[in-house]
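Asks: Quick one: the structure is below, questions incoming.
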Amino acid sequence: MTALGFEWTVALRFLREGRMQTALIIGGAGIGVAVIFFITAVLTGVQSDLIRRVTGAQPHIIIKPPEETVAPLVTGDSDQPRLAAIQARPQRLTTIDGWPALARSAEATPGVLAVAPVASGAALGIKGDASRAIVLVGTELDRYLRVVRLDDKIKSGVLHLEPGDVLVGIELAKDLGAVLGDRFRIQSAQGGSDVFRIRALLDLGSKDLNRRYVYIDLRAAQSLLGIPGKITNLDVSVRELMSADIVAGRLRVQSGQLIESWIQNNNFIFTAISNQNIMTLLIKVFITIVVALGIASVLVVSVVQKRKEIGILRAVGATRRQMQSVFLLQGLVVGVCGALLGSGLGFLLIIIFSRVLRNAEGQALFSLDFDYSLVGIVVASAAVLGLLSAVLPARNAARLDPAQAIRG
Amino acid sequence: MASVGTSLIRLAGLRKTYNEGLPNAEEVLHGVDLEMQPGEFTALIGPSGSGKSTLLNALGLLETATGGSYRLGGQDVTKFSDNERTLARHDQLGFIFQFHHLLPAFSALENVMLPALMRPQGITEKIMRERAGGLLDAVGLQDAHHKKPQELSGGMQQRVAIARALVLAPQLVLADEPTGNLDTQTSDSIFALLRQFNRERGTALLIVTHDQRLAAQCDRIIELVDGRIASDHPNAVAGAGA
Ligand SMILES: Nc1ncnc2c1ncn2[C@@H]1O[C@H](COP(=O)(O)OP(=O)(O)OP(=O)(O)O)[C@@H](O)[C@H]1O
Ligand SMILES: [Mg+2]
């Protein structure tokens, strides 16, 4: 018994003595922690599924050159051609000047994860009689993979882009009647044309994307689009998805280019997710408060119940500080046990519900390999929470007058 | 050991007022002068409500006096802080209460070990155990080391309390009606035990009792009436009585 020291020995013994109370409050704290654990996992799963679906193969942020417009014709003949004339020029692509320097400065911007140069434009995919409108994305694959995770979208083939290679969506391949290894012709709106071999089939998250997106090597794209050495945009990924707008703001100030973030283009989802996050934060805060109050009230009652014992211990030489520690430690133990129990319970819930809750494609909504450091954070927070909850009861215990307690 | 001539206890004009400063203030001790020497075996008697427990608690540093001065073992403890009083209780005093006051969650042995565990002062667990076990044997509880208080009779519980009071070898043990709720036979054996420790170890005892028969076995009898010492005299017959 002594190996633990006086405070620990008494704290644990008191908890063991009040078996029912201790079990109830640990159970209560455990349920609270399990709920927090569970909604965090479910929400993270649901949100990342949603974002994955919406953003799909889209980069978080796109840096584009400011749009060039054709000066309106001032013929004076009629008002109609004026309006019609104010539009982006259809054929010649606008490009970014001095992109390597811009890419470097974008990479150095706080919040940015990776940047990749892209030469993109409209084109036709042609095989035999079949011809389909496509979006050509020419890039350096190594850099691009850090912006858009094409590697987890691959259905068959290998991720590799030599100048004559192409990666296509599964629907487009179907439409063209092509399979892995087949060749087909790509003809750009600018008139460039060449034959490419399919190295991989991709599932980009939606039929529309799978029908339109085509990835080729940057140089090949530049020559097809008639912009040798130039790019049409820089694609950017950010570290924190929900802060893409903030990063976009920084890039806007810095680059003077046109910046589009996924949030801008999908504002309703961003708002929905933000609101969801605020709601769940509120729920977590309230659960935390309830758990803390629960621990505090059980310990306050325990101090009253143990009045006489505290008095005896004080009489035979336990200091105020020692009595305070005895109750703080009880709070700590209850918090940590509750967190461990809750983590286990939460994990169980996640296992069960990952079989029940599925997304539209029938996949589990959240993966079981979620962040295990969450357990460590939860246990550490619960330890602090337990200690804080015990502050008031511990003070009551320390203040108790031994003479009064012993008299009755 | 206090040197010759140093009193164990020296009270001068000790006063205690409960609820001081409030409308229901009540002075319970009206200036008590008292001296006790090391190794004394003294009874404190007096009618109910005369202030015996109050005096004992003041001597035990469980309650602060509201007037007068108190020297314990040569040290002025009148103005001690709560922490200093706690440490003095731990290091110099032992307590035995009427309702034995053991901790129900701990075994007899653990109850006796608790004071040592609070401030080990370099004493190992093994030594604590041996010392506590030896004392339990000495009070006749060799078979009850690992029993919880509720498994023991009243007399046995009071024996555990005696062992606990003695475990750190205090100079003075304060006992408030230690046999108050025990039958005569058990009372006698408990009292004999206290007497035995007093003789063997030189531990001074101040015992509050209503039992004239037991008081008569003490070396000195102090009578408290209405918060004042009414009589205080040595008891010559004590030695023969024991
Ligand atoms: N905490 C307290 N607050 C107010 N008054 C108190 C308190 N404790 C004791 N008293 C009063 O002090 C007086 C002396 O009480 P005390 O317990 O010291 O008497 P006692 O001699 O030990 O009596 P008994 O023989 O019944 O144990 C009593 O009138 C009692 O009501
Ligand atoms: Mg009394």
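Ligands are numbered from 1 in the order shown, residues from 1 within each chain, and chains are lettered A, B, ... in the order they appear in the structure tokens.
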Using only C-alpha atoms, find the residues of chain B whose closest atom to chain A is at most 10 Å away, then write them as a tab-separated table (two decimals) with all heavy atoms, in the first residue's frame.
Replies:
chain	number	residue	atom	x	y	z
B	53	SER	N	-13.52	18.29	26.66
B	53	SER	CA	-13.14	18.02	25.26
B	53	SER	C	-12.51	19.25	24.63
B	53	SER	O	-11.54	19.15	23.86
B	53	SER	CB	-14.36	17.60	24.44
B	53	SER	OG	-14.84	16.37	24.93
B	54	THR	N	-13.06	20.41	24.97
B	54	THR	CA	-12.51	21.65	24.43
B	54	THR	C	-11.05	21.82	24.86
B	54	THR	O	-10.18	22.14	24.04
B	54	THR	CB	-13.34	22.85	24.92
B	54	THR	OG1	-14.72	22.63	24.58
B	54	THR	CG2	-12.87	24.15	24.29
B	57	ASN	N	-8.90	19.28	23.01
B	57	ASN	CA	-8.69	19.66	21.61
B	57	ASN	C	-7.73	20.82	21.49
B	57	ASN	O	-6.95	20.90	20.53
B	57	ASN	CB	-10.03	20.01	20.94
B	57	ASN	CG	-10.85	18.77	20.65
B	57	ASN	OD1	-10.35	17.65	20.74
B	57	ASN	ND2	-12.12	18.95	20.34
B	58	ALA	N	-7.77	21.73	22.47
B	58	ALA	CA	-6.83	22.85	22.45
B	58	ALA	C	-5.42	22.33	22.70
B	58	ALA	O	-4.47	22.71	22.01
B	58	ALA	CB	-7.22	23.88	23.50
B	60	GLY	N	-4.45	19.41	21.99
B	60	GLY	CA	-4.11	18.60	20.81
B	60	GLY	C	-3.94	19.42	19.55
B	60	GLY	O	-3.78	18.86	18.48
B	61	LEU	N	-3.96	20.74	19.69
B	61	LEU	CA	-3.78	21.65	18.54
B	61	LEU	C	-4.83	21.42	17.45
B	61	LEU	O	-4.59	21.66	16.28
B	61	LEU	CB	-2.37	21.51	17.95
B	61	LEU	CG	-1.24	21.93	18.87
B	61	LEU	CD1	0.11	21.53	18.31
B	61	LEU	CD2	-1.28	23.43	19.13
B	62	LEU	N	-5.97	20.89	17.89
B	62	LEU	CA	-7.07	20.74	16.94
B	62	LEU	C	-7.92	21.99	16.93
B	62	LEU	O	-8.66	22.26	15.99
B	62	LEU	CB	-7.94	19.53	17.33
B	62	LEU	CG	-7.33	18.17	17.04
B	62	LEU	CD1	-8.10	17.07	17.75
B	62	LEU	CD2	-7.28	17.90	15.55
B	63	GLU	N	-7.84	22.74	18.02
B	63	GLU	CA	-8.58	23.97	18.10
B	63	GLU	C	-7.65	25.07	18.58
B	63	GLU	O	-6.77	24.83	19.41
B	63	GLU	CB	-9.76	23.82	19.08
B	63	GLU	CG	-11.04	23.71	18.35
B	63	GLU	CD	-12.20	23.13	19.17
B	63	GLU	OE1	-12.00	22.52	20.23
B	63	GLU	OE2	-13.30	23.31	18.70
B	82	ASP	N	-1.78	26.79	10.65
B	82	ASP	CA	-2.48	25.51	10.53
B	82	ASP	C	-1.51	24.39	10.16
B	82	ASP	O	-1.58	23.29	10.70
B	82	ASP	CB	-3.57	25.61	9.47
B	82	ASP	CG	-4.37	24.31	9.36
B	82	ASP	OD1	-5.30	24.15	10.16
B	82	ASP	OD2	-4.03	23.47	8.50
B	83	ASN	N	-0.60	24.70	9.26
B	83	ASN	CA	0.34	23.68	8.81
B	83	ASN	C	1.29	23.26	9.94
B	83	ASN	O	1.54	22.07	10.15
B	83	ASN	CB	1.12	24.21	7.61
B	83	ASN	CG	1.55	23.10	6.69
B	83	ASN	OD1	0.75	22.20	6.40
B	83	ASN	ND2	2.81	23.14	6.26
B	84	GLU	N	1.78	24.24	10.68
B	84	GLU	CA	2.69	23.93	11.80
B	84	GLU	C	1.97	23.10	12.85
B	84	GLU	O	2.54	22.16	13.43
B	84	GLU	CB	3.20	25.23	12.43
B	84	GLU	CG	4.20	25.97	11.55
B	84	GLU	CD	4.49	27.37	12.08
B	84	GLU	OE1	3.54	28.07	12.51
B	84	GLU	OE2	5.67	27.75	12.08
B	85	ARG	N	0.70	23.45	13.11
B	85	ARG	CA	-0.07	22.68	14.09
B	85	ARG	C	-0.27	21.25	13.63
B	85	ARG	O	-0.18	20.30	14.42
B	85	ARG	CB	-1.43	23.36	14.31
B	85	ARG	CG	-1.34	24.63	15.15
B	85	ARG	CD	-2.22	25.75	14.62
B	85	ARG	NE	-3.60	25.35	14.45
B	85	ARG	CZ	-4.47	25.32	15.44
B	85	ARG	NH1	-4.10	25.69	16.65
B	85	ARG	NH2	-5.69	24.94	15.23
B	86	THR	N	-0.52	21.09	12.31
B	86	THR	CA	-0.72	19.75	11.77
B	86	THR	C	0.55	18.91	11.96
B	86	THR	O	0.50	17.76	12.39
B	86	THR	CB	-1.06	19.82	10.27
B	86	THR	OG1	-2.21	20.66	10.11
B	86	THR	CG2	-1.37	18.44	9.72
B	87	LEU	N	1.68	19.51	11.64
B	87	LEU	CA	2.94	18.77	11.75
B	87	LEU	C	3.26	18.46	13.21
B	87	LEU	O	3.76	17.38	13.54
B	87	LEU	CB	4.08	19.56	11.11
B	87	LEU	CG	3.89	19.80	9.60
B	87	LEU	CD1	5.12	20.45	8.99
B	87	LEU	CD2	3.57	18.50	8.86
B	88	ALA	N	2.95	19.40	14.12
B	88	ALA	CA	3.18	19.15	15.55
B	88	ALA	C	2.29	18.02	16.05
B	88	ALA	O	2.73	17.15	16.81
B	88	ALA	CB	2.91	20.43	16.35
B	89	ARG	N	1.02	18.00	15.60
B	89	ARG	CA	0.12	16.88	15.96
B	89	ARG	C	0.71	15.57	15.50
B	89	ARG	O	0.74	14.58	16.24
B	89	ARG	CB	-1.24	17.05	15.26
B	89	ARG	CG	-2.18	18.03	15.87
B	89	ARG	CD	-3.62	17.75	15.44
B	89	ARG	NE	-3.88	17.86	14.01
B	89	ARG	CZ	-4.20	18.99	13.40
B	89	ARG	NH1	-4.29	20.11	14.08
B	89	ARG	NH2	-4.43	19.00	12.10
B	90	HIS	N	1.20	15.59	14.26
B	90	HIS	CA	1.72	14.36	13.68
B	90	HIS	C	2.96	13.87	14.43
B	90	HIS	O	3.08	12.69	14.75
B	90	HIS	CB	2.06	14.62	12.21
B	90	HIS	CG	2.62	13.43	11.50
B	90	HIS	ND1	3.96	13.16	11.44
B	90	HIS	CD2	1.99	12.43	10.84
B	90	HIS	CE1	4.14	12.04	10.76
B	90	HIS	NE2	2.97	11.58	10.38
B	91	ASP	N	3.87	14.81	14.73
B	91	ASP	CA	5.17	14.40	15.26
B	91	ASP	C	5.17	14.20	16.77
B	91	ASP	O	5.97	13.42	17.29
B	91	ASP	CB	6.23	15.45	14.89
B	91	ASP	CG	6.47	15.51	13.38
B	91	ASP	OD1	6.03	14.57	12.69
B	91	ASP	OD2	7.08	16.48	12.91
B	92	GLN	N	4.33	14.94	17.50
B	92	GLN	CA	4.46	14.93	18.96
B	92	GLN	C	3.29	14.36	19.72
B	92	GLN	O	3.39	14.07	20.91
B	92	GLN	CB	4.72	16.36	19.45
B	92	GLN	CG	5.97	16.96	18.82
B	92	GLN	CD	6.23	18.36	19.34
B	92	GLN	OE1	6.18	18.59	20.53
B	92	GLN	NE2	6.50	19.28	18.43
B	93	LEU	N	2.12	14.24	19.04
B	93	LEU	CA	0.92	13.86	19.78
B	93	LEU	C	0.27	12.61	19.22
B	93	LEU	O	0.40	12.30	18.04
B	93	LEU	CB	-0.09	15.01	19.74
B	93	LEU	CG	0.38	16.35	20.32
B	93	LEU	CD1	-0.62	17.44	20.00
B	93	LEU	CD2	0.62	16.23	21.81
B	94	GLY	N	-0.45	11.92	20.12
B	94	GLY	CA	-1.28	10.81	19.69
B	94	GLY	C	-2.70	11.07	20.17
B	94	GLY	O	-2.89	11.74	21.18
B	95	PHE	N	-3.68	10.56	19.42
B	95	PHE	CA	-5.09	10.79	19.78
B	95	PHE	C	-5.86	9.49	19.89
B	95	PHE	O	-5.71	8.59	19.06
B	95	PHE	CB	-5.78	11.66	18.73
B	95	PHE	CG	-5.26	13.06	18.65
B	95	PHE	CD1	-4.19	13.37	17.83
B	95	PHE	CD2	-5.82	14.06	19.42
B	95	PHE	CE1	-3.70	14.66	17.76
B	95	PHE	CE2	-5.34	15.36	19.35
B	95	PHE	CZ	-4.28	15.67	18.53
B	96	ILE	N	-6.69	9.42	20.95
B	96	ILE	CA	-7.65	8.32	21.04
B	96	ILE	C	-9.00	8.95	21.35
B	96	ILE	O	-9.11	9.75	22.28
B	96	ILE	CB	-7.28	7.33	22.16
B	96	ILE	CG1	-5.86	6.79	21.95
B	96	ILE	CG2	-8.27	6.18	22.20
B	96	ILE	CD1	-5.31	6.06	23.17
B	97	PHE	N	-10.00	8.64	20.53
B	97	PHE	CA	-11.31	9.26	20.73
B	97	PHE	C	-12.31	8.24	21.26
B	97	PHE	O	-12.08	7.04	21.20
B	97	PHE	CB	-11.82	9.85	19.41
B	97	PHE	CG	-10.87	10.83	18.79
B	97	PHE	CD1	-10.04	10.45	17.74
B	97	PHE	CD2	-10.79	12.12	19.28
B	97	PHE	CE1	-9.16	11.36	17.18
B	97	PHE	CE2	-9.90	13.03	18.72
B	97	PHE	CZ	-9.08	12.65	17.67
B	98	GLN	N	-13.44	8.78	21.72
B	98	GLN	CA	-14.45	7.90	22.31
B	98	GLN	C	-14.97	6.88	21.30
B	98	GLN	O	-15.10	5.71	21.60
B	98	GLN	CB	-15.61	8.74	22.83
B	98	GLN	CG	-16.71	7.88	23.43
B	98	GLN	CD	-17.78	8.73	24.11
B	98	GLN	OE1	-17.70	9.95	24.11
B	98	GLN	NE2	-18.74	8.07	24.72
B	99	PHE	N	-15.24	7.36	20.08
B	99	PHE	CA	-15.83	6.44	19.11
B	99	PHE	C	-14.79	5.87	18.15
B	99	PHE	O	-14.99	5.78	16.95
B	99	PHE	CB	-16.99	7.12	18.37
B	99	PHE	CG	-18.09	7.48	19.31
B	99	PHE	CD1	-18.27	8.78	19.73
B	99	PHE	CD2	-18.92	6.49	19.83
B	99	PHE	CE1	-19.28	9.11	20.61
B	99	PHE	CE2	-19.93	6.81	20.72
B	99	PHE	CZ	-20.11	8.13	21.13
B	100	HIS	N	-13.69	5.57	18.72
B	100	HIS	CA	-12.53	4.93	18.06
B	100	HIS	C	-12.14	5.44	16.69
B	100	HIS	O	-11.05	5.32	16.29
B	100	HIS	CB	-12.61	3.40	18.06
B	100	HIS	CG	-13.94	2.85	18.35
B	100	HIS	ND1	-14.85	2.63	17.39
B	100	HIS	CD2	-14.51	2.50	19.52
B	100	HIS	CE1	-15.95	2.16	17.95
B	100	HIS	NE2	-15.77	2.07	19.25
B	101	HIS	N	-13.03	6.00	15.90
B	101	HIS	CA	-12.63	6.72	14.71
B	101	HIS	C	-11.54	6.05	13.88
B	101	HIS	O	-10.49	6.61	13.65
B	101	HIS	CB	-12.14	8.12	15.07
B	101	HIS	CG	-13.24	9.01	15.51
B	101	HIS	ND1	-14.42	9.13	14.82
B	101	HIS	CD2	-13.36	9.84	16.57
B	101	HIS	CE1	-15.20	9.98	15.44
B	101	HIS	NE2	-14.60	10.43	16.50
B	102	LEU	N	-11.82	4.85	13.41
B	102	LEU	CA	-10.91	4.23	12.45
B	102	LEU	C	-11.46	4.47	11.05
B	102	LEU	O	-12.63	4.80	10.87
B	102	LEU	CB	-10.82	2.72	12.71
B	102	LEU	CG	-10.31	2.33	14.09
B	102	LEU	CD1	-10.37	0.83	14.27
B	102	LEU	CD2	-8.90	2.85	14.31
B	103	LEU	N	-10.59	4.31	10.04
B	103	LEU	CA	-11.06	4.45	8.66
B	103	LEU	C	-11.58	3.11	8.18
B	103	LEU	O	-10.82	2.14	8.11
B	103	LEU	CB	-9.93	4.95	7.76
B	103	LEU	CG	-9.72	6.45	7.91
B	103	LEU	CD1	-8.37	6.75	8.49
B	103	LEU	CD2	-9.96	7.16	6.62
B	104	PRO	N	-12.88	3.05	7.85
B	104	PRO	CA	-13.50	1.77	7.53
B	104	PRO	C	-12.94	1.10	6.27
B	104	PRO	O	-13.04	-0.12	6.13
B	104	PRO	CB	-14.99	2.13	7.34
B	104	PRO	CG	-15.03	3.60	7.14
B	104	PRO	CD	-13.84	4.16	7.83
B	105	ALA	N	-12.33	1.88	5.39
B	105	ALA	CA	-11.85	1.29	4.13
B	105	ALA	C	-10.48	0.63	4.29
B	105	ALA	O	-10.00	-0.01	3.37
B	105	ALA	CB	-11.79	2.36	3.05
B	106	PHE	N	-9.89	0.81	5.47
B	106	PHE	CA	-8.54	0.28	5.67
B	106	PHE	C	-8.55	-0.83	6.72
B	106	PHE	O	-9.34	-0.79	7.66
B	106	PHE	CB	-7.60	1.40	6.11
B	106	PHE	CG	-7.34	2.43	5.05
B	106	PHE	CD1	-8.24	3.47	4.85
B	106	PHE	CD2	-6.22	2.36	4.24
B	106	PHE	CE1	-8.02	4.42	3.87
B	106	PHE	CE2	-5.98	3.31	3.26
B	106	PHE	CZ	-6.88	4.34	3.07
B	110	GLU	N	-3.38	-1.31	8.30
B	110	GLU	CA	-3.26	-0.09	7.50
B	110	GLU	C	-3.65	1.14	8.30
B	110	GLU	O	-3.02	2.20	8.19
B	110	GLU	CB	-4.14	-0.20	6.24
B	110	GLU	CG	-3.59	-1.19	5.23
B	110	GLU	CD	-4.59	-1.53	4.14
B	110	GLU	OE1	-5.81	-1.36	4.37
B	110	GLU	OE2	-4.16	-1.99	3.08
B	113	MET	N	-0.81	2.06	10.27
B	113	MET	CA	0.30	2.56	9.45
B	113	MET	C	0.09	3.98	8.93
B	113	MET	O	1.05	4.67	8.58
B	113	MET	CB	0.51	1.64	8.24
B	113	MET	CG	1.21	0.34	8.57
B	113	MET	SD	1.11	-0.79	7.17
B	113	MET	CE	2.32	-0.05	6.08
B	114	LEU	N	-1.18	4.39	8.83
B	114	LEU	CA	-1.49	5.68	8.17
B	114	LEU	C	-0.66	6.87	8.64
B	114	LEU	O	-0.12	7.60	7.82
B	114	LEU	CB	-2.99	5.99	8.28
B	114	LEU	CG	-3.85	5.34	7.19
B	114	LEU	CD1	-5.34	5.51	7.48
B	114	LEU	CD2	-3.53	5.92	5.81
B	115	PRO	N	-0.53	7.09	9.96
B	115	PRO	CA	0.27	8.26	10.38
B	115	PRO	C	1.70	8.21	9.85
B	115	PRO	O	2.26	9.24	9.46
B	115	PRO	CB	0.24	8.17	11.90
B	115	PRO	CG	-0.99	7.40	12.21
B	115	PRO	CD	-1.14	6.41	11.10
B	116	ALA	N	2.28	7.02	9.81
B	116	ALA	CA	3.65	6.89	9.31
B	116	ALA	C	3.67	7.15	7.81
B	116	ALA	O	4.59	7.77	7.28
B	116	ALA	CB	4.19	5.50	9.61
B	117	LEU	N	2.62	6.70	7.11
B	117	LEU	CA	2.55	6.84	5.66
B	117	LEU	C	2.42	8.31	5.23
B	117	LEU	O	2.90	8.72	4.18
B	117	LEU	CB	1.36	6.03	5.15
B	117	LEU	CG	1.23	5.88	3.64
B	117	LEU	CD1	2.45	5.20	3.07
B	117	LEU	CD2	-0.02	5.08	3.30
B	118	MET	N	1.76	9.10	6.09
B	118	MET	CA	1.57	10.52	5.75
B	118	MET	C	2.88	11.25	5.57
B	118	MET	O	3.02	12.10	4.71
B	118	MET	CB	0.82	11.22	6.89
B	118	MET	CG	-0.64	10.96	6.90
B	118	MET	SD	-1.32	11.57	8.44
B	118	MET	CE	-2.91	10.76	8.37
B	119	ARG	N	3.83	10.95	6.45
B	119	ARG	CA	5.14	11.59	6.35
B	119	ARG	C	6.17	10.52	6.68
B	119	ARG	O	6.57	10.37	7.82
B	119	ARG	CB	5.26	12.74	7.35
B	119	ARG	CG	4.22	13.83	7.15
B	119	ARG	CD	4.42	14.96	8.12
B	119	ARG	NE	5.64	15.70	7.83
B	119	ARG	CZ	6.37	16.32	8.75
B	119	ARG	NH1	6.03	16.24	10.02
B	119	ARG	NH2	7.44	16.98	8.41
B	120	PRO	N	6.59	9.78	5.66
B	120	PRO	CA	7.44	8.61	5.92
B	120	PRO	C	8.77	8.98	6.60
B	120	PRO	O	9.33	8.19	7.33
B	120	PRO	CB	7.68	8.04	4.52
B	120	PRO	CG	6.61	8.61	3.66
B	120	PRO	CD	6.28	9.94	4.24
B	124	THR	N	11.04	3.03	5.78
B	124	THR	CA	10.58	2.20	4.66
B	124	THR	C	9.26	1.51	5.02
B	124	THR	O	8.88	1.42	6.18
B	124	THR	CB	11.60	1.11	4.32
B	124	THR	OG1	11.70	0.24	5.46
B	124	THR	CG2	12.95	1.70	4.01
B	125	GLU	N	8.60	1.05	3.95
B	125	GLU	CA	7.33	0.35	4.15
B	125	GLU	C	7.49	-0.85	5.09
B	125	GLU	O	6.65	-1.10	5.94
B	125	GLU	CB	6.79	-0.12	2.79
B	125	GLU	CG	5.59	-1.05	2.97
B	125	GLU	CD	4.96	-1.50	1.68
B	125	GLU	OE1	5.50	-1.17	0.61
B	125	GLU	OE2	3.93	-2.19	1.76
B	126	LYS	N	8.60	-1.53	4.92
B	126	LYS	CA	8.83	-2.74	5.71
B	126	LYS	C	8.86	-2.41	7.21
B	126	LYS	O	8.22	-3.06	8.03
B	126	LYS	CB	10.17	-3.35	5.27
B	126	LYS	CG	10.39	-4.77	5.74
B	126	LYS	CD	11.52	-5.41	4.93
B	126	LYS	CE	11.97	-6.69	5.59
B	126	LYS	NZ	12.90	-6.50	6.71
B	128	MET	N	7.62	0.28	8.62
B	128	MET	CA	6.28	0.72	9.03
B	128	MET	C	5.40	-0.47	9.37
B	128	MET	O	4.70	-0.49	10.37
B	128	MET	CB	5.60	1.47	7.87
B	128	MET	CG	6.02	2.91	7.69
B	128	MET	SD	5.04	3.63	6.34
B	128	MET	CE	6.18	4.86	5.76
B	129	ARG	N	5.45	-1.46	8.48
B	129	ARG	CA	4.64	-2.66	8.66
B	129	ARG	C	5.00	-3.39	9.95
B	129	ARG	O	4.14	-3.80	10.73
B	129	ARG	CB	4.86	-3.63	7.50
B	129	ARG	CG	3.69	-3.72	6.59
B	129	ARG	CD	3.98	-4.53	5.34
B	129	ARG	NE	3.27	-3.93	4.24
B	129	ARG	CZ	1.95	-3.98	4.12
B	129	ARG	NH1	1.21	-4.63	5.00
B	129	ARG	NH2	1.35	-3.37	3.12
B	164	ARG	N	-2.60	2.93	16.85
B	164	ARG	CA	-2.37	4.03	15.90
B	164	ARG	C	-1.81	5.26	16.64
B	164	ARG	O	-0.93	5.94	16.13
B	164	ARG	CB	-3.66	4.40	15.17
B	164	ARG	CG	-3.43	5.46	14.10
B	164	ARG	CD	-4.71	5.84	13.39
B	164	ARG	NE	-5.66	6.46	14.30
B	164	ARG	CZ	-6.95	6.60	14.03
B	164	ARG	NH1	-7.45	6.15	12.91
B	164	ARG	NH2	-7.75	7.18	14.90
B	165	ALA	N	-2.35	5.54	17.83
B	165	ALA	CA	-1.90	6.71	18.58
B	165	ALA	C	-0.43	6.58	18.97
B	165	ALA	O	0.28	7.57	19.12
B	165	ALA	CB	-2.76	6.91	19.82
Asks: All residues within 10 Å of ligand 1 are required, counting only C-alpha atoms and all ligand atoms; please report them as a ChimeraX atom specification.
Replies: /A:401,403-405,407-408 /B:16-20,24-29,44-58,63,98,176-177,180,208-210,224-227
Asks: As an exercise, work out the distance from CA of Ile259 in chain A to CA of Ile134 in chain A in Å and give it to one decimal place.
Replies: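 A separation of 23.3 Å between them.
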Asks: Using the chain letters and numbers from this document, which residues of range 24-70 of chain B does DSSP assign to alpha helix (DSSP H), as a PyMOL selection string?
Replies: chain B and resi 52-59
Asks: Just the selected residues (all heavy atoms), exported as a CSV table (one decimal), in the first residue's frame, please.
Replies:
chain,number,residue,atom,x,y,z
B,52,LYS,N,-14.1,19.8,29.0
B,52,LYS,CA,-13.0,18.8,29.0
B,52,LYS,C,-12.5,18.6,27.5
B,52,LYS,O,-11.3,18.6,27.2
B,52,LYS,CB,-13.5,17.5,29.6
B,52,LYS,CG,-13.9,17.6,31.0
B,52,LYS,CD,-14.3,16.3,31.6
B,52,LYS,CE,-15.5,15.6,30.9
B,52,LYS,NZ,-16.8,16.3,31.1
B,53,SER,N,-13.5,18.3,26.7
B,53,SER,CA,-13.1,18.0,25.3
B,53,SER,C,-12.5,19.2,24.6
B,53,SER,O,-11.5,19.1,23.9
B,53,SER,CB,-14.4,17.6,24.4
B,53,SER,OG,-14.8,16.4,24.9
B,54,THR,N,-13.1,20.4,25.0
B,54,THR,CA,-12.5,21.7,24.4
B,54,THR,C,-11.1,21.8,24.9
B,54,THR,O,-10.2,22.1,24.0
B,54,THR,CB,-13.3,22.9,24.9
B,54,THR,OG1,-14.7,22.6,24.6
B,54,THR,CG2,-12.9,24.1,24.3
B,55,LEU,N,-10.8,21.6,26.1
B,55,LEU,CA,-9.4,21.7,26.6
B,55,LEU,C,-8.5,20.7,25.9
B,55,LEU,O,-7.4,21.0,25.5
B,55,LEU,CB,-9.4,21.5,28.2
B,55,LEU,CG,-8.0,21.5,28.8
B,55,LEU,CD1,-7.3,22.8,28.6
B,55,LEU,CD2,-8.1,21.3,30.3
B,56,LEU,N,-9.0,19.5,25.8
B,56,LEU,CA,-8.2,18.4,25.2
B,56,LEU,C,-7.9,18.8,23.7
B,56,LEU,O,-6.8,18.6,23.2
B,56,LEU,CB,-8.9,17.1,25.2
B,56,LEU,CG,-8.0,15.9,25.3
B,56,LEU,CD1,-7.4,15.7,26.6
B,56,LEU,CD2,-8.8,14.6,25.0
B,57,ASN,N,-8.9,19.3,23.0
B,57,ASN,CA,-8.7,19.7,21.6
B,57,ASN,C,-7.7,20.8,21.5
B,57,ASN,O,-7.0,20.9,20.5
B,57,ASN,CB,-10.0,20.0,20.9
B,57,ASN,CG,-10.8,18.8,20.7
B,57,ASN,OD1,-10.3,17.7,20.7
B,57,ASN,ND2,-12.1,19.0,20.3
B,58,ALA,N,-7.8,21.7,22.5
B,58,ALA,CA,-6.8,22.9,22.5
B,58,ALA,C,-5.4,22.3,22.7
B,58,ALA,O,-4.5,22.7,22.0
B,58,ALA,CB,-7.2,23.9,23.5
B,59,LEU,N,-5.3,21.4,23.7
B,59,LEU,CA,-4.0,20.8,23.9
B,59,LEU,C,-3.5,20.0,22.7
B,59,LEU,O,-2.3,20.0,22.4
B,59,LEU,CB,-4.1,19.9,25.1
B,59,LEU,CG,-4.2,20.5,26.5
B,59,LEU,CD1,-4.5,19.5,27.6
B,59,LEU,CD2,-2.9,21.3,26.8
Asks: Show which residues sit within 12 Å of Ser389 in chain A, as JSON, numbers by chain. Count only C-alpha atoms, and ignore same-chain residues fewer than 2 positions away.
Replies: {"A": [29, 288, 289, 290, 291, 292, 293, 294, 295, 296, 297, 298, 299, 300, 327, 328, 329, 330, 331, 332, 333, 334, 335, 381, 382, 383, 384, 385, 386, 387, 391, 392, 393, 394, 395]}
Asks: Using DSSP on the backbone coordinates, identify all residues within range 210-357 of chain A classified as strand (DSSP E or B); present the result as an MDAnalysis selection string.
Replies: chainID A and resid 213:217 233:238 258:261
Asks: Write out as a PyMOL selection string each polymer residue whose atoms come within 12 Å of Ser187 in chain B, counting only C-alpha atoms; drop sequence neighbours fewer than 6 positions from it.
Replies: chain B and resi 98+154-156+158-159+177-181+193-194+209-211+213-215
